[in-house]
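Student: Questions regarding the structure given below will be posed in turn.
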2 protein chains.
Amino acid sequence: RVNPDIASERQTASFCVETLTAVLDGGVERTRSRRAVVEAIESDPVFSRENQYFQSQNERYEAAVRKAVHLQKKMREMGWSEDGPEYKYIYRALAGDVAFLLHRIFVRSISMLGSDKQVAKWIPLATQYQLIGSYGQTELGHGTYLQGLETTAVFDVTTQEFILNTPKISAMKWWPGDMGRSATHTVAFAQLYIHGQCYGVHPFIVQIRSLRDHSLCPGVTAGDIGPKMSFEHTDNGYLLLQNVRVPRENMLSKFCEVQPDGTYVRLGSQQINYFTMTAVRISLISDEVIIPLMKACTIAVRYSVVRRQSKLKPGEEEAKILDYQTQQEKLLPQLAAAYAFHFISDYLQELFDKSYTEIQRKNFNTLPELHAFSSGFKALVTQYCTSAVEICLRACGGHGYSLLSGLPSLYTKILASCIYEGENTILLLQTARFLTKCFSAAHAGQPVPPSVMYLAAGKPGTCPARNKLDFLRPDIYTEAYQHTAVRLISSTAAKLQDLIQSGVQEHDAWNQCTVQLAQAAKAHCHYITVKNFAETVEKLETKAGIQKIMKHLCDLFALHGIFSNSGVFLHDGYISGAQMDMVTASYLDLLAIVRKDAVPLVDAFDFTDKSLNSALGSYDGQVYQRLYEWAQKSPTNTQMSPAYERYLKPLLHNSLSKL
Amino acid sequence: RVNPDIASERQTASFCVETLTAVLDGGVERTRSRRAVVEAIESDPVFSRENQYFQSQNERYEAAVRKAVHLQKKMREMGWSEDGPEYKYIYRALAGDVAFLLHRIFVRSISMLGSDKQVAKWIPLATQYQLIGSYGQTELGHGTYLQGLETTAVFDVTTQEFILNTPKISAMKWWPGDMGRSATHTVAFAQLYIHGQCYGVHPFIVQIRSLRDHSLCPGVTAGDIGPKMSFEHTDNGYLLLQNVRVPRENMLSKFCEVQPDGTYVRLGSQQINYFTMTAVRISLISDEVIIPLMKACTIAVRYSVVRRQSKLKPGEEEAKILDYQTQQEKLLPQLAAAYAFHFISDYLQELFDKSYTEIQRKNFNTLPELHAFSSGFKALVTQYCTSAVEICLRACGGHGYSLLSGLPSLYTKILASCIYEGENTILLLQTARFLTKCFSAAHAGQPVPPSVMYLAAGKPGTCPARNKLDFLRPDIYTEAYQHTAVRLISSTAAKLQDLIQSGVQEHDAWNQCTVQLAQAAKAHCHYITVKNFAETVEKLETKAGIQKIMKHLCDLFALHGIFSNSGVFLHDGYISGAQMDMVTASYLDLLAIVRKDAVPLVDAFDFTDKSLNSALGSYDGQVYQRLYEWAQKSPTNTQMSPAYERYLKPLLHNSLSKL
């Protein structure tokens, strides 16, 4: 039985939901195969997430291992491939709630960095879970700055072994997933020393637990790092090595090798490592960031047409909260952002694929651009979407704060994406470095990648819009974004230059510009996102109302950005105060327009109720009934607390004669 | 043993930390008594929070009840008073992690709304925990909009009873603390019906659990609403009433009464209810919002001088992360905000005390201003500080994400403050309504409260600053904030007027202005915060370096606000683009200045290590050692998981012969 308040929202959709779903999936065929995978996963009780919100860290871990082991069997049975699109669908269906994700990185790092012999030895065992690997990079004292890692691997020429050590507490490996309780092996990154000379960080395969009884190997101290904001299912671990010896063959040696006599030989280019990181950042944008935002929007929008609160007009019944302008202004820009970033994720994937083709032809020219883009977008998208999910959560009031809404776990998980795979500020500064270089090059008449050619074109001027409708023209707002990005990059580059010319040392000067450099990098990525959204809309089919509604969302995304960062557009007068009032007027008008299609727009994301796992967000809108049913299953209701007998009973009995 | 990296920060303090602590406490005497209370609480093992991060919701609840019962005894022993400053200190020491906080509201509501006879009957029992009360207001379907509550209380003249019912699922009481498992009684708010006529929402004392065995009373269904983002220690509950009868005497009847024949009599003014809500909002600002922000700043700043990452200059050792401009720009404005809001909290308390004196003289004139201010500041401060705590958390990278850092629990708890005691957007709109009224009144030459007289003074003009140093003049930046607040209020009032004059119905017109009205209300509160900070600095003693460092923080808070909301200052050209560059320059300069005193500035908040409960934030800066020690106590390390035996062993044994 569907709540009539939500049912009525679907009857007035201005477009065909199925068609939009197919657009998002990249074709009807893909929608079909995604649904088949999701159906197969969700109908299998081993994968149930039903009691997830009530489970302890230990229970979540056990369930995640159970699911991982079962999944391997399931994949074989179903003929699903590890590298095909199915894995993406599986991951979506499981909401990432499965063990051995770092084991996958372990496998990938051996495949990428290992010699053919190493690949032949380790990969078959690993893919069948005959060993469980982890990826031992981050240390207690070192994250993003890899050169600073302190673990050491000293080559002992007499025994042909590397001796691994954790020389001090800050060198302890800390955070690697699957390491805390599961892993038997790890790829440990350590500073390589040969005959007293340091050769920098290298990867070594190290066994840490017995294959027979899972006890820790000699010299190894390892365990779980304890509770985190989310990722209860993952055994993020610590690892301390004391004179742990591994054979010479255990250094991953596709790109460099230590020969028996201690000679260090570099083989080929290591630039490809760069590429792996890039691949991970691009895939996390879609899997770990955009999908959670889409879920949060689905939950919050559906709830906002079921929840009624206060009256819009005296005498009428209470209004759906989505009919309030303030609620629209909270949620609808986030919905537009989910679409905007979905399309930018496609754009990045395309950039990546092109680059990959080039690299296979040994052309590494595209790497700097790809690295800069994947870094900047990783930072922009994770930060934007984390805030967006938080806005969705807050917009659901008290019930959003209940774990049963599904929103807290989405938030606490997406928040981590701002931190892992490169700290966002550092990533933005890498993008900024690329942009300032390109800016100088462009102005010196040197060639730059097409995506940043706009940096050469920047010139003073003002926005030509004359009324609020002009701000619904993609050329007008895209140009405004472009102008602003150029201005921020050029003015910061100029400041940097001035500081250096006034005698400030280059590193100090850079540090003194970093707040503005990060801002410039964000402006660049924001511009590309708007431009790409507008171009995507251009190319969409005009039938079934899709292009029209996507145009509204694109306008909304763009104008929301101008409205909420108005200072950078007003700063040099490119947009005047009067024009900003037009932006505001168009922006607020758009809210009322998009509001009408809000429910169909989240329906198009096509999440099953099981995958949302939310008492507020189910398709049928039976919010209150579901909250009540789910709450009753909570251990706070099913387990007696000793508090009454111990503490309350003696006190309460005193009043028996009095009441 | 104090980490030398943090010790060195304390040697160069530009001011006396003890003196600043006394300023924050309101005098040396208060610091002394606060410390005595904290010491007494922390030395008592019953109040330990040591294993908190590892406990389940059930364990947290039990501990909270144990603490509450023990606290009552302790308070008697120590001679601490419920209403004195001691309770504030106790609450700070316990970090709010104690049961029966809603029982306190139950007591307060009977004291405020009950007749003398009701007070005499219920209060003695309640204060001795011979009954446990809850406060049954919020329903599944209704929060902030009280008039919409659906629970009914029908007067039965034949039995002289009220019959209470939950007519539908959305009418179920939902969220009341202490109700889920503890409470024997509640004050239930219900629509009063007499002879078929509805008299609106009234409070009724209802027994829900037996005093003998704690079983639910006939007609009562109640339980716990399950897991939430935080507040694991609180048994937020639900309550469903089916023909539950309470005697006529159980309707709280200080302000209105139902006589035996069903005659409804109103006694005196109910405006005072208004006042209770105001009191709660003002006290939550300091206890639930500013203290958590101060803690988060303490943790993040201390960690940021211990954590080293990358090199600022080649060849040097890795730099403390607080030496990076971007890290300063994350944390130091939050630190400045903690001070700014501490002083605004004092300001609100003073406003409240003055108002209270007037009310006791039956003068209710100050109520609208007080209501508008407490609403607006509740919204501004909770929202600002929630973001600030999140920034602190993210600024600590991966380790901030560990529960052991203390930051996740600070964040998840402060987030709730945006939702409870009035939804923030609704509160801002109440402030906006007051401001637009005052604006019209001021322009019609009618009297308005002194705090909003500035609304009459608004006139076009431009900022007189000529160089970046001018922006360190409080008159310059305070004037800019004032100008902006007036502009936002007047332009939105004008838009509202225009809409109405163009024929839009008043309620629709209001709704179409709410995004801007909320913005205007925030601008007003922001202005008052800056003005109050500047005035506080004026009055501070000039010795011991206090005034100087507080001036820096005030400047930083003010310029951060202009820098990060630059659009509203640039919009009408009050501040030009060139002046905004001066603001930015002064703002970035200030970061480097305040950075030098960052550690002493958080030390002055005077939190004990136990109260911070953070592996990252302890006074001695032994971050890594503590993380490692605490992690080892996690149940993920102390309890065996069945996952190995069940799922992994059979797989791993396959590789025994191969490796």
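Quick note on naming: the chains in the structure tokens go A, B, ... in the order shown, residues restart at 1 in each chain, and ligands are numbered from 1 in order of appearance.
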Would you mind listing what lies within 8 Å of segment 440-456 of chain A as number ranges by chain, with only C-alpha atoms counted and same-chain residues fewer than 6 positions away left out?

Tutor: A: 369, 482, 486

Student: Could you pull the residues within 8 Å of segment 519-536 of chain A, counting only C-alpha atoms, minus those fewer than 6 positions along the same chain, as a ChimeraX atom specification?

Tutor: /A:340-341,343-344,347,373,376-377,380,428-429,431-432,435,474,478,481-482,484-486,488-489,492,551,554,557-558

Student: Could you tell me which of B:Leu241, B:Val37, B:Met277, B:Leu312 comes closest to chain A if we count only C-alpha atoms?

Tutor: B:Leu312

Student: Select, from A:Met582, A:Leu570, A:Leu125, A:Leu370, the residue with the minimum atom-to-atom distance to Asp470 of chain A, counting only C-alpha atoms.

Tutor: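 Of the candidates, the smallest distance to Asp470 of chain A is held by A:Met582.
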
Student: Please return, as number ranges by chain, all residues of segment 458-598 of chain A that DSSP assigns to helix (DSSP H, G or I) on the basis of the backbone.

Tutor: A: 468-472, 474-501, 506-539, 543-564, 566-570, 577-596, 598

Student: Set the distance at 10 Å and use only C-alpha atoms: which residues neighbour segment 192-194 of chain A once local chain neighbours fewer than 6 positions away are removed? I'd like the list as JSON, numbers by chain.

Tutor: {"A": [151, 152, 153, 154, 155, 156, 157, 162, 163, 164, 200, 201, 202, 203, 204, 251, 258, 261, 262, 263, 264]}

Student: Within 12 Å of Pro176 of chain A, counting only C-alpha atoms, which residues show up once you throw out same-chain ones fewer than 6 positions away? Write them as number ranges by chain, please.

Tutor: A: 100-103, 105-106, 133-140, 143, 182-183, 185-189, 222-225, 234-239, 420-421; B: 398

Student: Let's see if you can do this: from backbone DSSP, list all strand (DSSP E or B) residues in segment 122-291 of chain A, as JSON, numbers by chain.

Tutor: {"A": [133, 134, 135, 136, 139, 142, 152, 153, 154, 155, 156, 161, 162, 163, 164, 165, 173, 174, 185, 186, 187, 188, 189, 190, 191, 192, 193, 194, 197, 198, 199, 200, 201, 202, 203, 204, 205, 206, 207, 209, 216, 220, 221, 222, 223, 224, 228, 237, 238, 239, 240, 241, 244, 245, 246, 247, 251, 256, 257, 258, 264, 265, 266]}

Student: What does the structure give for the distance between atom CA of Asp581 of chain A and atom CA of Phe563 of chain A, in Å to one decimal?

Tutor: 9.1 Å

Student: Which neighbours of Asn511 of chain B fall inside 12 Å, counting only C-alpha atoms, when residues of the same chain fewer than 5 positions from it are skipped, and could you give them as a list of chain:residue names?

Tutor: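 Selected residues are A:Lys311, A:Leu312, A:Lys313, A:Ala319, A:Ile321, A:Leu322, A:Asp323, A:Tyr324, A:Gln325, A:Thr326, A:Gln327, A:Gln328, A:Glu329, A:Leu588, A:Ala592, B:Ile426, B:Leu429, B:Thr492, B:Lys495, B:Leu496, B:Leu499, B:Ile500, B:Val504, B:Gln505, B:Glu506, B:Gln516, B:Leu517, B:Ala518.
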
Student: Write out the residues from the selection above, keeping N, CA and C atoms, as a compact mmCIF listing (two decimals), in the first residue's frame.

Tutor:
# COMPACT_ATOMS: atom_id res chain seq x y z
N LYS A 311 1.20 24.86 8.69
CA LYS A 311 0.30 25.17 7.59
C LYS A 311 0.89 26.26 6.72
N LEU A 312 0.78 26.07 5.43
CA LEU A 312 1.22 27.11 4.52
C LEU A 312 0.16 28.21 4.46
N LYS A 313 -1.10 27.78 4.49
CA LYS A 313 -2.20 28.75 4.52
C LYS A 313 -3.12 28.40 5.66
N ALA A 319 1.01 21.25 5.57
CA ALA A 319 1.65 21.14 4.25
C ALA A 319 2.76 20.10 4.25
N ILE A 321 6.37 19.06 3.79
CA ILE A 321 7.49 19.97 4.06
C ILE A 321 8.25 20.34 2.79
N LEU A 322 8.14 19.52 1.75
CA LEU A 322 8.83 19.88 0.50
C LEU A 322 8.15 21.07 -0.19
N ASP A 323 6.99 21.47 0.29
CA ASP A 323 6.35 22.65 -0.29
C ASP A 323 6.86 23.96 0.32
N TYR A 324 7.71 23.84 1.33
CA TYR A 324 8.33 25.05 1.88
C TYR A 324 9.57 25.40 1.07
N GLN A 325 9.70 26.66 0.75
CA GLN A 325 10.86 27.09 -0.05
C GLN A 325 12.19 26.70 0.62
N THR A 326 12.23 26.85 1.95
CA THR A 326 13.49 26.55 2.64
C THR A 326 13.86 25.07 2.52
N GLN A 327 12.86 24.19 2.55
CA GLN A 327 13.16 22.77 2.40
C GLN A 327 13.60 22.46 0.97
N GLN A 328 12.96 23.09 0.01
CA GLN A 328 13.38 22.93 -1.38
C GLN A 328 14.82 23.38 -1.55
N GLU A 329 15.12 24.50 -0.90
CA GLU A 329 16.46 25.07 -1.05
C GLU A 329 17.52 24.19 -0.38
N LEU A 588 15.52 30.80 -7.29
CA LEU A 588 14.35 30.48 -6.46
C LEU A 588 13.18 30.01 -7.32
N ALA A 592 10.93 25.90 -7.34
CA ALA A 592 9.51 25.56 -7.43
C ALA A 592 9.24 24.65 -8.62
N ILE B 426 13.08 27.04 11.15
CA ILE B 426 11.86 27.63 11.71
C ILE B 426 12.23 28.72 12.72
N LEU B 429 13.34 31.85 11.01
CA LEU B 429 12.21 32.58 10.43
C LEU B 429 11.43 33.34 11.50
N THR B 492 14.80 42.22 1.80
CA THR B 492 13.82 41.13 1.86
C THR B 492 12.45 41.66 2.28
N LYS B 495 11.00 43.03 -0.82
CA LYS B 495 10.51 41.99 -1.73
C LYS B 495 9.16 41.46 -1.24
N LEU B 496 9.06 41.25 0.04
CA LEU B 496 7.83 40.75 0.65
C LEU B 496 6.69 41.73 0.36
N LEU B 499 5.65 41.67 -3.34
CA LEU B 499 4.85 40.50 -3.69
C LEU B 499 3.40 40.69 -3.25
N ILE B 500 3.25 41.16 -2.03
CA ILE B 500 1.90 41.33 -1.49
C ILE B 500 1.16 42.39 -2.30
N VAL B 504 0.01 38.72 -4.57
CA VAL B 504 0.30 37.40 -4.00
C VAL B 504 -0.25 37.37 -2.58
N GLN B 505 -0.86 36.26 -2.23
CA GLN B 505 -1.40 36.14 -0.87
C GLN B 505 -0.27 36.18 0.15
N GLU B 506 -0.56 36.74 1.31
CA GLU B 506 0.48 36.99 2.29
C GLU B 506 1.28 35.74 2.65
N GLN B 516 15.60 33.96 1.80
CA GLN B 516 16.28 35.23 2.07
C GLN B 516 16.04 35.74 3.48
N LEU B 517 14.86 35.45 4.02
CA LEU B 517 14.58 35.85 5.40
C LEU B 517 15.51 35.13 6.37
N ALA B 518 15.72 33.85 6.13
CA ALA B 518 16.61 33.09 7.00
C ALA B 518 18.03 33.65 6.91

Student: Please list as an MDAnalysis selection string every residue within 7 Å of Gly545 of chain A, counting only C-alpha atoms and excluding residues in the same chain fewer than 4 positions away.

Tutor: chainID A and resid 14:16 549

Student: List as a PyMOL selection string the protein and nucleic acid residues near segment 623-637 of chain B, meaning an atom at most 6 Å away when only C-alpha atoms are counted, but skip any in the same chain fewer than 2 places from it.

Tutor: (chain A and resi 225-226) or (chain B and resi 615-616+621+639)
